[in-house]
Structures are given as C-alpha cells and as structure tokens.
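Below: one structure, written as structure tokens.
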Amino acid sequence: MKARFISTRTQALLAILLSSTVVTAQTRIVPPNNSYSPSQDVELGRQAAAQVRQELPIMRDDLMTSYVEGIGRRLVSAVPPELQHSEFHYTFEVVNVREINAFALPGGPMFVNRGMMDAAKSEGEIAGVMAHELSHVVLRHGTAQAGKQTAAGIGQIAGAILGSIVGGTWGQVISQGTQFGIGTYFLKFSREYEQQADLEGCQIMARAGYDPRDMANMFKTIEKQGGSGGPQWLSDHPNPGNRYNYITEEAKSLRVDNPIRDTRAFNQVKSHLAQLAPAPTTEQATRARNTGGGRRPSGGETRTPTGRVQPPSSSYRTYDEANLFRVSVPSNWQEIQESSTVMFAPDGAYGASGGQSVFTHGMEFGLARNESHDLQTATDELIQSLSQGNPNMRRQAGYDRVSFAGRRGLRTQLLNRNEATGQDEVVQVYAAQLRNGNLLYAIGVAPRDEFASYRSVFDRVVGSLAVND
Ligand SMILES: [Zn+2]
C-alpha cells in the first residue's frame, strides 16, 4: 500500500520537473505589513496547533496522512522564493470531523477536515483549498490580521491561542464564540487577504502542477454544501466577490503544461474513507473530548474551589505568554488559560460553576476592546461588564493613579460576594491602555479577611508585567 506513495521529496521534484509552467502576467502579491516577526508566527502557530490537537480528533491513519502530506509538500516546494521563510515548519494533518473545512496556522501547521476530503471531487480540489490555506501562511495573514484588529493584542491573542471553549471567569468581557478558542485571530480573514490567498494559491498550484481552476471548483462545492449558516470555511474565508471570475482569469495567465492527472491515489483515499465509520461533527467531537477529563470546565459543570489555599510563595516564577507579555507570579500559583484571558491561581482556588470558571485567590490578565474612550471611561466600562457576571460586586473606592505595564494606569478596589463560595472578597482592578488604545487589565482577587496579605503580592505581580505591544 505504501508503494504508491513515493517519497514526498521525489514527488515534489517530479512535480517541478514535469510541469513546465509558463508564467505570463500573473498577479504580483505583496504580503501585508506585519508587526510580528516570522519566528513569532512560528511560536504562535505552534501553541495554537497544540491546542487544536488537544481539542480536535486528529486522524492517525497512514494512508490519509501520507496523501495529504504528499499534496502539502508538493505545494510547499512551489512557494516562490520571496515568500519562503526558513523558520516555518509545515505540517499537514487530517481532522476526523464531518464539516467541510480546512485551516492553517501561522508558521505552517495545516489541518484538513475529513469532511473536506469527502466533498472533494478530485485531488486538484483538495490541493486548491490547501494552496489557498498555504498562501495565508506564507503571506503571514494570520499575524498581520491579528495585529490589525482593534481588539487584538497580547492578552487576547495569547488567551485566544491558549484558550478553551468556555468563557473567562468574568463572563463575556471579551466574547470569543469561535469554534475553538483560537478562531478569530488567525483564521478569519478580510476580503482583501482572501483575494491574495486565492491568487497566490493559484500561482502555487500551477507551479506545483495543479490546475488552478480546481480551486474555484472546490469553493463552489463548499458553497453548495451550505446548510445552516454555511460551512465554517466560508465564514473564515469570505468570498471577496467575483471569486470564480478572477481565479479563472488568473488561471489563464498560468499555463500548466503537465498537470497532475493521476487519480489513483485520490480514488484509493476515497474508497478508504468510504470504509470508515462516518466522521462525527466538530461539536460532537469536542464535546466528547471535553467531557473526557481535563481541568477545563465544560458547560454546566460545577466544581467549587476547595478554599484550602496556601499563602503566596515568596519566590516568583516568570511566565512568557507567546512573546507577547511577561509576568512574574508566586511560584505556587498555576497558570490557567481561558479563552480570552490568562489566570494565575494557587491550588484549591480555582473551580467552575455554570460553565464559567471561578477563582477565590489569584490574578487574571486580559484585554478589553476600547475604540474611542479615555482610560477612565474604558475602565468604567470594564468594571461594568465585570458586574454583569458578578451581580454582588460593589465599588469601594475611586481610582488611584499607578504605573501599570510600564505606562500610566489606574487601580481601584471592589467588594464582591463570591457566588460559588459565599465568601466576601476584594477585587483589585488595574488597567492601562495599549498603544492601539485597547484596555489591558489585571484583576487580583482575595477573600476579604486575607486581602491585607495579598495587596502587596498583587502590586508586585503587576510591577513585573512587561508588555510587547
Ligand atoms: Zn482564506
């Protein structure tokens, strides 16, 4: 069975040797400005991919894996030199879920849903979607997009990558609502980037020996399979309009002399797929995984913090969140990643209630959208949104001016009755604006009768915070 799959390197070489592509007047694609370094792409993508592998069922099936890898390697070897990044590391995995989808993460990890393979009518169609995804990677659209978004930045991106399906402790301060935490930042693209990925993808396909028009064919197949709300792929990759026309136009300028016509491997994969049990939906698959253990709270689960909490250690440990921010916390605090925030809390101080995480001691870092307000108004709004998830919370004081993350910040205190434990607690909020205007915040929580010993800990943690914006 393996014999069909000649080594991918040989395959790639053959593809290049066989397909003498005559290129005339192809559209020149210029990657967008990007404030991240290629090595940050790699790091962010690596972390996001680790999360994907945790959340979604990856197929461990030699036939499928080597087939998709073969197509992937062939496409990668056709990436034009000016878009090659030596630090990128390309991987190609099949996710055993039913939806027609595929996605790639910064720095190279690519995931193709089994539903996409099921829907494809030819190898060229699979290659079309993969070439499109690969183009997003080499044009570095994920990080360019993340840097551009109003709400983007550190806490949110780190949280988004590291996150879970469940909202943060403080309710929907920043609502994600994506398929799995990583969603929006790296996978949802503007129409401008879509067109770039279509056109670059066409060129890569042609260089790799595929007919670029197969990309348009696959997009049509995806659109036809709309269903309720349409496939996720389309909402992440919106049609810039005219998609089929400009792909066809681009294809005309890209002659592929020896297109790949061998369909044996494709047919073999299709008949193999037909023999497998049907793939679950993404929702079924993620639900099965999330109820299968792990510390992540899933909807409705209740796990009250035990309340037996050691005092904060006097030794500190530094965490570097995806090169985006750095903070030192007492070494007996654990890092707990949520969909949009990062939390540090000691054992026994963390639990879940009604699908939301609850903590009694520790600190949480996050980011809130702020488009037009001054620091104080934005902080007022943050506190207001915190109050929505914590109806017993009351303001105790006005704002103190403090230094926060090396910039002008505000600090204030609130009193709350923790709904999960019934205890009174002090909530200390710190906030400052990032360069893009969004609000970076930290929230320290401790029971009222222990607050005196936590106040200086919060200030010390906050004092160590360094942000890379
Ligand atoms: Zn796209």
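Here, A, B, ... name the chains of the structure tokens in the order displayed, residue numbers run from 1 inside each chain, and ligands are numbered from 1 in the same displayed order.
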
Which residues form the shell of 9 Å around ligand 1 when you count only C-alpha atoms and all ligand atoms, given as a list in words? Phe103, Val129, His132, Glu133, Ser135, His136, Leu187, Lys188, Phe189, Ser190, Arg191, Tyr193, Glu194, Gln195, Gln196, Ala197, Asp198, Trp233, Leu234, Asp236, His237, Pro238 and Asn239 of chain A

Written file, previous selection with C-alpha atoms, as a PDB file, in the first residue's frame:
ATOM      1  CA  PHE A 103      -7.336  25.818   8.210  1.00  0.00           C
ATOM      2  CA  VAL A 129      -8.038  24.510  -0.671  1.00  0.00           C
ATOM      3  CA  HIS A 132      -5.245  28.761  -0.503  1.00  0.00           C
ATOM      4  CA  GLU A 133      -4.502  27.948   3.158  1.00  0.00           C
ATOM      5  CA  SER A 135      -0.918  31.151   0.875  1.00  0.00           C
ATOM      6  CA  HIS A 136      -2.357  32.625   4.054  1.00  0.00           C
ATOM      7  CA  LEU A 187      -8.439  32.048  10.874  1.00  0.00           C
ATOM      8  CA  LYS A 188     -10.848  34.772   9.933  1.00  0.00           C
ATOM      9  CA  PHE A 189      -9.604  36.847   7.074  1.00  0.00           C
ATOM     10  CA  SER A 190     -10.522  40.074   5.388  1.00  0.00           C
ATOM     11  CA  ARG A 191     -11.737  40.001   1.815  1.00  0.00           C
ATOM     12  CA  TYR A 193      -6.468  38.779   2.219  1.00  0.00           C
ATOM     13  CA  GLU A 194      -8.880  36.283   0.735  1.00  0.00           C
ATOM     14  CA  GLN A 195      -8.233  37.560  -2.728  1.00  0.00           C
ATOM     15  CA  GLN A 196      -4.499  37.486  -2.087  1.00  0.00           C
ATOM     16  CA  ALA A 197      -4.694  33.876  -0.903  1.00  0.00           C
ATOM     17  CA  ASP A 198      -6.814  32.910  -3.908  1.00  0.00           C
ATOM     18  CA  TRP A 233     -14.656  27.625   5.923  1.00  0.00           C
ATOM     19  CA  LEU A 234     -16.743  30.252   4.153  1.00  0.00           C
ATOM     20  CA  ASP A 236     -13.467  32.285   7.901  1.00  0.00           C
ATOM     21  CA  HIS A 237     -12.676  32.850   4.228  1.00  0.00           C
ATOM     22  CA  PRO A 238     -15.361  35.219   2.936  1.00  0.00           C
ATOM     23  CA  ASN A 239     -15.843  35.435  -0.793  1.00  0.00           C
TER      24      ASN A 239
END

Just the residues within 12 Å of Val457 (chain A), please, counting only C-alpha atoms, with nothing from its chain fewer than 5 positions along; format it as a ChimeraX atom specification. /A:311-316,328-331,333,361-363,428,444-446,450-452,462-464

All residues 6 Å or closer to region 35-46 of chain A, only C-alpha atoms, same chain fewer than 6 positions away omitted, as a ChimeraX atom specification: /A:105-107

Near region 400-417 of chain A, counting only C-alpha atoms, which residues have an atom at most 7 Å away, once you skip same-chain residues fewer than 3 positions from it, shown as a PyMOL selection string? chain A and resi 392-397+422-432+462-463+465-467

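Counting only C-alpha atoms and comparing A:Arg448, A:Arg264, A:Arg207, A:Arg73, the residue that lies closest to Phe92 (chain A) is A:Arg73.
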
Residue contacts of Arg28 (chain A) (12 Å, only C-alpha atoms) excluding same-chain residues fewer than 5 positions away, as an MDAnalysis selection string: chainID A and resid 23 80 82:83 195:197 199:203 250 253

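Counting only C-alpha atoms, the residue from A:Asn418, A:Thr377, A:Thr91, A:Gln275 that sits nearest to Asn390 (chain A) is A:Asn418.
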
In region 200-266 of chain A, what's alpha helix (DSSP H) per DSSP? Answer as number ranges by chain? A: 200-208, 213-224, 232-236, 243-252, 264-266

Go ahead and dump the residues you just picked, N, CA and C atoms, as a compact mmCIF listing (two decimals), in the first residue's frame.
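Result file is again.txt:
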# COMPACT_ATOMS: atom_id res chain seq x y z
N GLU A 200 -2.47 33.98 -4.93
CA GLU A 200 -1.18 33.33 -4.64
C GLU A 200 -1.36 31.82 -4.72
N GLY A 201 -2.49 31.35 -4.20
CA GLY A 201 -2.79 29.91 -4.23
C GLY A 201 -2.83 29.38 -5.65
N CYS A 202 -3.43 30.14 -6.56
CA CYS A 202 -3.46 29.75 -7.98
C CYS A 202 -2.05 29.58 -8.52
N GLN A 203 -1.20 30.54 -8.18
CA GLN A 203 0.17 30.51 -8.70
C GLN A 203 0.94 29.32 -8.14
N ILE A 204 0.75 29.07 -6.85
CA ILE A 204 1.42 27.93 -6.22
C ILE A 204 0.91 26.63 -6.84
N MET A 205 -0.39 26.56 -7.04
CA MET A 205 -0.96 25.35 -7.65
C MET A 205 -0.34 25.10 -9.02
N ALA A 206 -0.28 26.14 -9.83
CA ALA A 206 0.24 25.97 -11.18
C ALA A 206 1.70 25.52 -11.14
N ARG A 207 2.47 26.15 -10.25
CA ARG A 207 3.89 25.76 -10.13
C ARG A 207 4.02 24.33 -9.66
N ALA A 208 3.06 23.86 -8.86
CA ALA A 208 3.11 22.50 -8.34
C ALA A 208 2.51 21.49 -9.32
N ARG A 213 -7.87 26.15 -11.66
CA ARG A 213 -9.33 26.25 -11.70
C ARG A 213 -10.01 25.26 -10.73
N ASP A 214 -9.23 24.25 -10.33
CA ASP A 214 -9.78 23.30 -9.34
C ASP A 214 -10.04 23.99 -8.00
N MET A 215 -9.32 25.08 -7.75
CA MET A 215 -9.57 25.81 -6.51
C MET A 215 -10.99 26.40 -6.55
N ALA A 216 -11.30 27.03 -7.66
CA ALA A 216 -12.64 27.61 -7.81
C ALA A 216 -13.70 26.51 -7.75
N ASN A 217 -13.39 25.36 -8.34
CA ASN A 217 -14.35 24.24 -8.30
C ASN A 217 -14.64 23.83 -6.86
N MET A 218 -13.57 23.77 -6.06
CA MET A 218 -13.77 23.34 -4.68
C MET A 218 -14.59 24.38 -3.91
N PHE A 219 -14.31 25.65 -4.16
CA PHE A 219 -15.07 26.70 -3.47
C PHE A 219 -16.56 26.58 -3.82
N LYS A 220 -16.82 26.23 -5.08
CA LYS A 220 -18.23 26.06 -5.49
C LYS A 220 -18.85 24.90 -4.73
N THR A 221 -18.10 23.82 -4.63
CA THR A 221 -18.60 22.65 -3.88
C THR A 221 -18.90 23.05 -2.44
N ILE A 222 -17.98 23.81 -1.85
CA ILE A 222 -18.17 24.24 -0.46
C ILE A 222 -19.44 25.08 -0.35
N GLU A 223 -19.62 26.00 -1.29
CA GLU A 223 -20.79 26.87 -1.23
C GLU A 223 -22.09 26.09 -1.36
N LYS A 224 -22.06 25.08 -2.21
CA LYS A 224 -23.27 24.27 -2.42
C LYS A 224 -23.66 23.54 -1.15
N GLN A 232 -18.12 26.48 7.98
CA GLN A 232 -17.20 27.36 8.71
C GLN A 232 -16.15 27.95 7.76
N TRP A 233 -15.72 27.16 6.82
CA TRP A 233 -14.66 27.63 5.92
C TRP A 233 -15.04 28.95 5.27
N LEU A 234 -16.31 29.03 4.84
CA LEU A 234 -16.74 30.25 4.15
C LEU A 234 -16.82 31.45 5.08
N SER A 235 -17.15 31.20 6.35
CA SER A 235 -17.21 32.37 7.23
C SER A 235 -15.81 32.81 7.63
N ASP A 236 -14.86 31.88 7.65
CA ASP A 236 -13.47 32.28 7.90
C ASP A 236 -12.81 32.87 6.65
N ARG A 243 -15.08 35.81 -7.07
CA ARG A 243 -14.02 34.84 -6.80
C ARG A 243 -13.73 33.94 -8.01
N TYR A 244 -14.78 33.40 -8.59
CA TYR A 244 -14.58 32.42 -9.67
C TYR A 244 -14.02 33.09 -10.91
N ASN A 245 -14.49 34.31 -11.13
CA ASN A 245 -14.01 35.01 -12.32
C ASN A 245 -12.53 35.33 -12.23
N TYR A 246 -12.13 35.89 -11.10
CA TYR A 246 -10.70 36.28 -11.08
C TYR A 246 -9.78 35.08 -10.97
N ILE A 247 -10.27 33.99 -10.34
CA ILE A 247 -9.45 32.77 -10.32
C ILE A 247 -9.29 32.24 -11.74
N THR A 248 -10.39 32.25 -12.49
CA THR A 248 -10.33 31.77 -13.86
C THR A 248 -9.41 32.65 -14.71
N GLU A 249 -9.50 33.98 -14.47
CA GLU A 249 -8.63 34.91 -15.18
C GLU A 249 -7.16 34.63 -14.86
N GLU A 250 -6.89 34.46 -13.56
CA GLU A 250 -5.51 34.21 -13.13
C GLU A 250 -5.02 32.90 -13.75
N ALA A 251 -5.91 31.91 -13.75
CA ALA A 251 -5.54 30.60 -14.29
C ALA A 251 -5.11 30.72 -15.76
N LYS A 252 -5.75 31.65 -16.48
CA LYS A 252 -5.41 31.82 -17.91
C LYS A 252 -3.96 32.26 -18.07
N ARG A 264 -5.22 7.79 -9.23
CA ARG A 264 -5.24 6.52 -8.48
C ARG A 264 -5.20 6.74 -6.98
N ALA A 265 -4.27 7.60 -6.53
CA ALA A 265 -4.13 7.84 -5.09
C ALA A 265 -5.41 8.46 -4.54
N PHE A 266 -5.96 9.39 -5.31
CA PHE A 266 -7.20 10.04 -4.87
C PHE A 266 -8.32 9.01 -4.72

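Distance-wise, CA of Gln54 (chain A) and CA of Ala279 (chain A) end up 17.3 Å apart.
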
As a PyMOL selection string, please: the residues near Ala119 (chain A) (cut-off 10 Å, only C-alpha atoms, same-chain neighbours under 6 positions excluded). chain A and resi 98-100+125-126+218+221-222+225+270

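Among the candidates A:His141, A:Arg435, A:Arg114, A:Arg53, the residue lying nearest to Asn33 (chain A) is A:His141 (atoms considered: only C-alpha atoms).
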
Counting only C-alpha atoms, figure out which residue out of A:Ser372, A:Asn332, A:Asn258, A:Thr65 gets nearest to Asp211 (chain A). A:Asn258

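The gap separating CA of Glu123 (chain A) from CA of Pro31 (chain A) is 27.5 Å, in Å to one decimal.
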
For the atom pair CA of Ile260 (chain A) and CA of Met130 (chain A), what is the interatomic distance in Å to one decimal place? 15.5 Å

Of the residues A:Phe88, A:Phe111, A:Phe458, A:Tyr210, which is the one nearest to Ala442 (chain A), using only C-alpha atoms? A:Phe458
